Structure formats: structure tokens, C-alpha cells
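**Q** The following block contains the structure, expressed as C-alpha cells.
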Amino acid sequence: GYRKGGYHAVRPGDRFASGRYVAQRKLGWGNFSTVWLAFDVQSERYVALKIQKSAPEFAQAALHEIEFLSEITKRDPSNCKCIIQLIDHFKHTGPNGQHICLVFEFLGDSLLKLVQYNRYKGIGLDRVRQICKSILVGLDYLHSELGIIHSDLKLENVLLVSTIDPSKDPIRSGLKPNLERPEGNPNGEVGLNPIEKKLQMRARRVLAKLAERRKSIAESSRAERSLDGIELTCKIVDFGNACWADKQYTDFIQTRQYRAPEIILGAGYSFSVDMWSFACIAFELATGEMLFTPKEGHGYSEDEDHLALMMELLGKMPKKIATMGTKSKEYFDRHGDLKRIRRLKFSSVERILVDKYGVPESEAREFADFLCPLLDFAPEKRPTAAECLQHPWLQYNDDKACEALNNGGASSVDLTHSTGNPISGICKNV
Ligand code: ADP
Ligand code: MG
């Protein structure tokens, strides 16, 4: 929280880096930081200002992120590799200590917001294709040109490039920067009697409620804007957990649902862990639901459930792979069977797409053909990002697909209120 070693409290109008950056509004936050929209008075552009928590371990992580971002930005001067660009970095001293601040180009909403806006129903395979292409361009650059493993790919860490980009043109975008300094004590609590205080509290609750309503209206219109007939490029962000393929810092990486089997098994890893997460992202964009959501159960761990879910979807893990890791013995017996979860209910990506999400058979087959090689239990057999970019599924002709599937039906992502059908499926949206 906002205490010593923690987040730096920011008010709109606060200035950073000797007045160069003026805070506008909060854009988001992670475990390590808060991120603010700021106006750069020097370049007269909007930027994203990431203000790291101040404790030493967070400062260390920020320096680490700067190391990777500097290299990424330096080697991509034309800024076309679908990775966030670092503009500047500096230190800022506040009441909670010294915070390392990173300044980025300002991007749009994350893919998680995109999926939420569409109420977890999937965003349509044509849009999934577009986003996949961007992510793969970014991964190919990271992996084959820089030797970097991202290690934490997930929906929150991929941001859309907004077409209405106030950083390019603040005047036309209609977003007027707020350059007023905030006044006095932000809480203003001094000298109120109990009744006045009570009234003030009530007023605040009402105001907060109104603000919440305004926000939700503004967000739905933002979502429409962010989807309105654009080519849907996006960029990979958050290099706080990145590593060099030949200089790794820890065996334990990735966010649970996007974690590759070799990490759970403690069997070492390389670039292909990102390809596994990428496949999880592609599935989630298409269906609106995570590919794997493991849970701890009676007599088995979350890890073992995760391995069981993987095998139910992808087939039995080859014994050689299952028994290879430093943690293999925790989950597998010497025959290569799970110790505590015995009866597996086998299915396949294709079956799930058809039966659970209502994707037409032929579309499901082609999409599964794209995904399944990426979900190979043998990491070295997974295609690279460059190979993946050549896959026929990405070359698919969107217009033809639309026509074939829907006989010329509507193709817009559903942003209206729910019709109450939980399995309206991605086929309706394509
Ligand atoms: P953390 O390392 O703390 O997770 P991130 O770099 O992932 O921080 O940023 C946290 C959130 O802030 C993101 O999920 C996103 O919502 C927002 N954000 C980050 N960078 C930008 C940017 N360049 N433009 C717009 N929003 C951003
Ligand atoms: Mg993050």
C-alpha cells in the first residue's frame, strides 16, 4: 500500500522530473507499481509514467526492467516490433522513500479489458488472428534478435495500440492536459464537527457512486472506440520478470494459468515457455475463458491439478518428459502416472472448441491445428514465433471466413447488454 517502501501517492497535477511530466489520471497498477497518464511538457505528448514502490527489492526490479527495456528500445529505432518503448527514466523522492520512475509511450487498454468488455465471450477469430500476429512479431524480435525470454506473458501484459492516440495529437484527441497544481492538504479534514463530518462522508459516498457510474459509461464507450474497425495491433509490456536465455535468475517463473509444464516440473526452460503462454492467450481471446484454471483439491496440489488438466486436454505426457524434472517425483510415479489424480477425462482442444464454445467444426480444426503444436509437452518441439507466423491459420482470409460461416451475418463484437445466453460462442462474433 501507500506506506514506507510502498506506492507513491499521486494527485492529478503532481509534477515529476523537475516539472517535465505532469500527472493526469491513474491508468493501472501491478504488484510493484502504479501507472499514471502524464503530460510531457517538453515534447507536448501524453506518456505513461510507471512509479515503482520504493523498497529496495522493488527498486532492484525496476533497474532490472530498465536494463531490458533500454536494449529493446535501442535495437528497434523504428518502433515497429510490437514491444513497448521506454522514453525516459529517473528517480523521484516522496514521503514513502525514493521511487524509480519509468516513462513509456502511452498505449491503450490491455487485452484483459478487451475480453472483459466483451463479457468473457471471446472477441471473434478474425480479431484473435490480428492480435496473434502482433504478439508473434514481438516475441520473434525478443527471442531471435535479443535473446530475451519475457517470462510473464498474459492478457494484462499486452496492451492495444489506441488509434485515437492523444500522445500523437493532444489537441485533436480532445484530451486537454490538466496542468494545475493540486492545492493544500488532499484530505482537508481539519476543523469539522462530528455532524459536518458525517455529512461530508455521505456526500463523498454519493460522489463516489456517481463517479463509478460515470466511469462505467465512459469505459463502455472507450471499449467501442478501441474496437471500432481498427487493425488491432498491440504491444507487449512489463519486463519486470524478463531474463536473458543464457542468464536466468530463477527456476520459478510465469503466472499460474499461463505456466508451462517444464516450470512446474523443474526441468529448465527456454524461449518456448513464452510460446506456451502465447497459446493460452490465443485460446482465451477466442473463447473468453482461460485454457487452464487449476485448483487445489482434496489430497492433491494446484500443481498436480494443473498437470492433470494439461493431460486431459493434450494427451498423456510422455514418461521421459514427466520424470525428467527436479520436482517430477512430487507428482509422478515411476510409470509416469500422476500419483494422486488417477482417472483422467481425456478431451482435445478441437472438441472443447466445438462442444463447449460452439465453434464450427472446420474453424475449430484449423484453430486447434495452430494451437496444439505450441502446447507440445516437449519444449524443443514447439514452433518458434517466426515459424508460427507462417502458419496457414494466420494467413486465413477473414472476409471469406466471415461469409462462409455466417452467410454474410453481422461481424461486430457484442458490446450491448447480455442476451443471457452463456454459450453464445465465438462463432456468433466472427
Ligand atoms: P507491473 O510490473 O507493476 O505489473 P505493468 O508494467 O504491467 O506494471 O503496468 C501495470 C498496468 O498499467 C498495466 O496492466 C496497464 O493497465 C497499465 N499500463 C502500463 N504501461 C502502460 C502504457 N504504456 N500505456 C497505458 N497503460 C499502461
Ligand atoms: Mg503487469
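The way I read the labels, and the way they are meant: chains A, B, ... in the order of the C-alpha cells, residue 1 as the first residue of every chain, and ligand 1 as the first ligand shown, with later ones counted on from there.
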Set the cut-off to 8 Å, count only C-alpha atoms and all ligand atoms, and list whatever residues fall near ligand 2 as a list in words.

**A**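 Final answer, ordered by chain and number: Trp29, Gly30, Asn31, Glu156, Asn157, Val237, Asp238 and Gly240 of chain A.
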
**Q** Can you tell me, as a PyMOL selection string, what residues are no more than 9 Å from Asp337 of chain A when counting only C-alpha atoms, ignoring any on the same chain fewer than 6 positions away?

**A** chain A and resi 316-317+319+322+331

**Q** In Å, with one decimal, what is the gap from atom CA of Glu212 of chain A to atom 16 (O, counted along the ligand's line) of ligand 1?

**A**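 Between atom CA of Glu212 of chain A and atom 16 (O, counted along the ligand's line) of ligand 1 the gap is 17.9 Å.
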
**Q** Please, which residues have at least one atom within 8 Å of an atom of ligand 1, using only C-alpha atoms and all ligand atoms, listed as a PyMOL selection string?

**A** chain A and resi 27-37+47-50+52+84+103-110+156-159+237-240

**Q** At a cut-off of 10 Å, using only C-alpha atoms, what residues contact segment 374-379 of chain A? Leave out same-chain residues fewer than 5 positions from it and give the result as a ChimeraX atom specification.

**A** /A:260-262,268-280,310-311,313-318,320-322,368-369,384-385,388

**Q** Closest to Ala55 of chain A among A:Lys4, A:Asp40, A:Ala17, A:Thr73, using only C-alpha atoms?

**A**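 The answer is A:Lys4, which sits nearest to Ala55 of chain A.
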
**Q** Env of Phe332 of chain A: 10 Å cut, atoms = only C-alpha atoms, seq-sep filter 2 positions within chain, self excluded. Answer as a PyMOL selection string.

**A** chain A and resi 265+304+307+319+322-323+327-330+334-341

**Q** So how far away is atom CA of Cys243 of chain A from atom CA of Glu284 of chain A, in Å?

**A** 25.1 Å

**Q** Rounded to one decimal, what separation in Å do you get between atom CA of Pro12 of chain A and atom CA of Asp88 of chain A?

**A** 20.2 Å

**Q** Show which residues sit within 8 Å of Gln257 of chain A, as a PDB file with N, CA and C atoms, in the first residue's frame. Count only C-alpha atoms, and ignore same-chain residues fewer than 5 positions away.

**A**
```
ATOM      1  N   MET A 290     -10.081 -18.806 -19.623  1.00  0.00           N
ATOM      2  CA  MET A 290      -8.706 -19.296 -19.549  1.00  0.00           C
ATOM      3  C   MET A 290      -8.633 -20.748 -19.976  1.00  0.00           C
ATOM      4  N   LEU A 291      -7.513 -21.119 -20.613  1.00  0.00           N
ATOM      5  CA  LEU A 291      -7.334 -22.500 -21.063  1.00  0.00           C
ATOM      6  C   LEU A 291      -7.203 -23.443 -19.869  1.00  0.00           C
ATOM      7  N   PHE A 292      -6.416 -23.053 -18.872  1.00  0.00           N
ATOM      8  CA  PHE A 292      -6.233 -23.878 -17.667  1.00  0.00           C
ATOM      9  C   PHE A 292      -6.501 -23.055 -16.419  1.00  0.00           C
ATOM     10  N   THR A 293      -7.411 -23.540 -15.566  1.00  0.00           N
ATOM     11  CA  THR A 293      -7.621 -22.896 -14.261  1.00  0.00           C
ATOM     12  C   THR A 293      -7.516 -23.950 -13.162  1.00  0.00           C
ATOM     13  N   PRO A 294      -6.282 -24.332 -12.837  1.00  0.00           N
ATOM     14  CA  PRO A 294      -6.079 -25.388 -11.844  1.00  0.00           C
ATOM     15  C   PRO A 294      -6.481 -24.948 -10.446  1.00  0.00           C
TER      16      PRO A 294
END
```
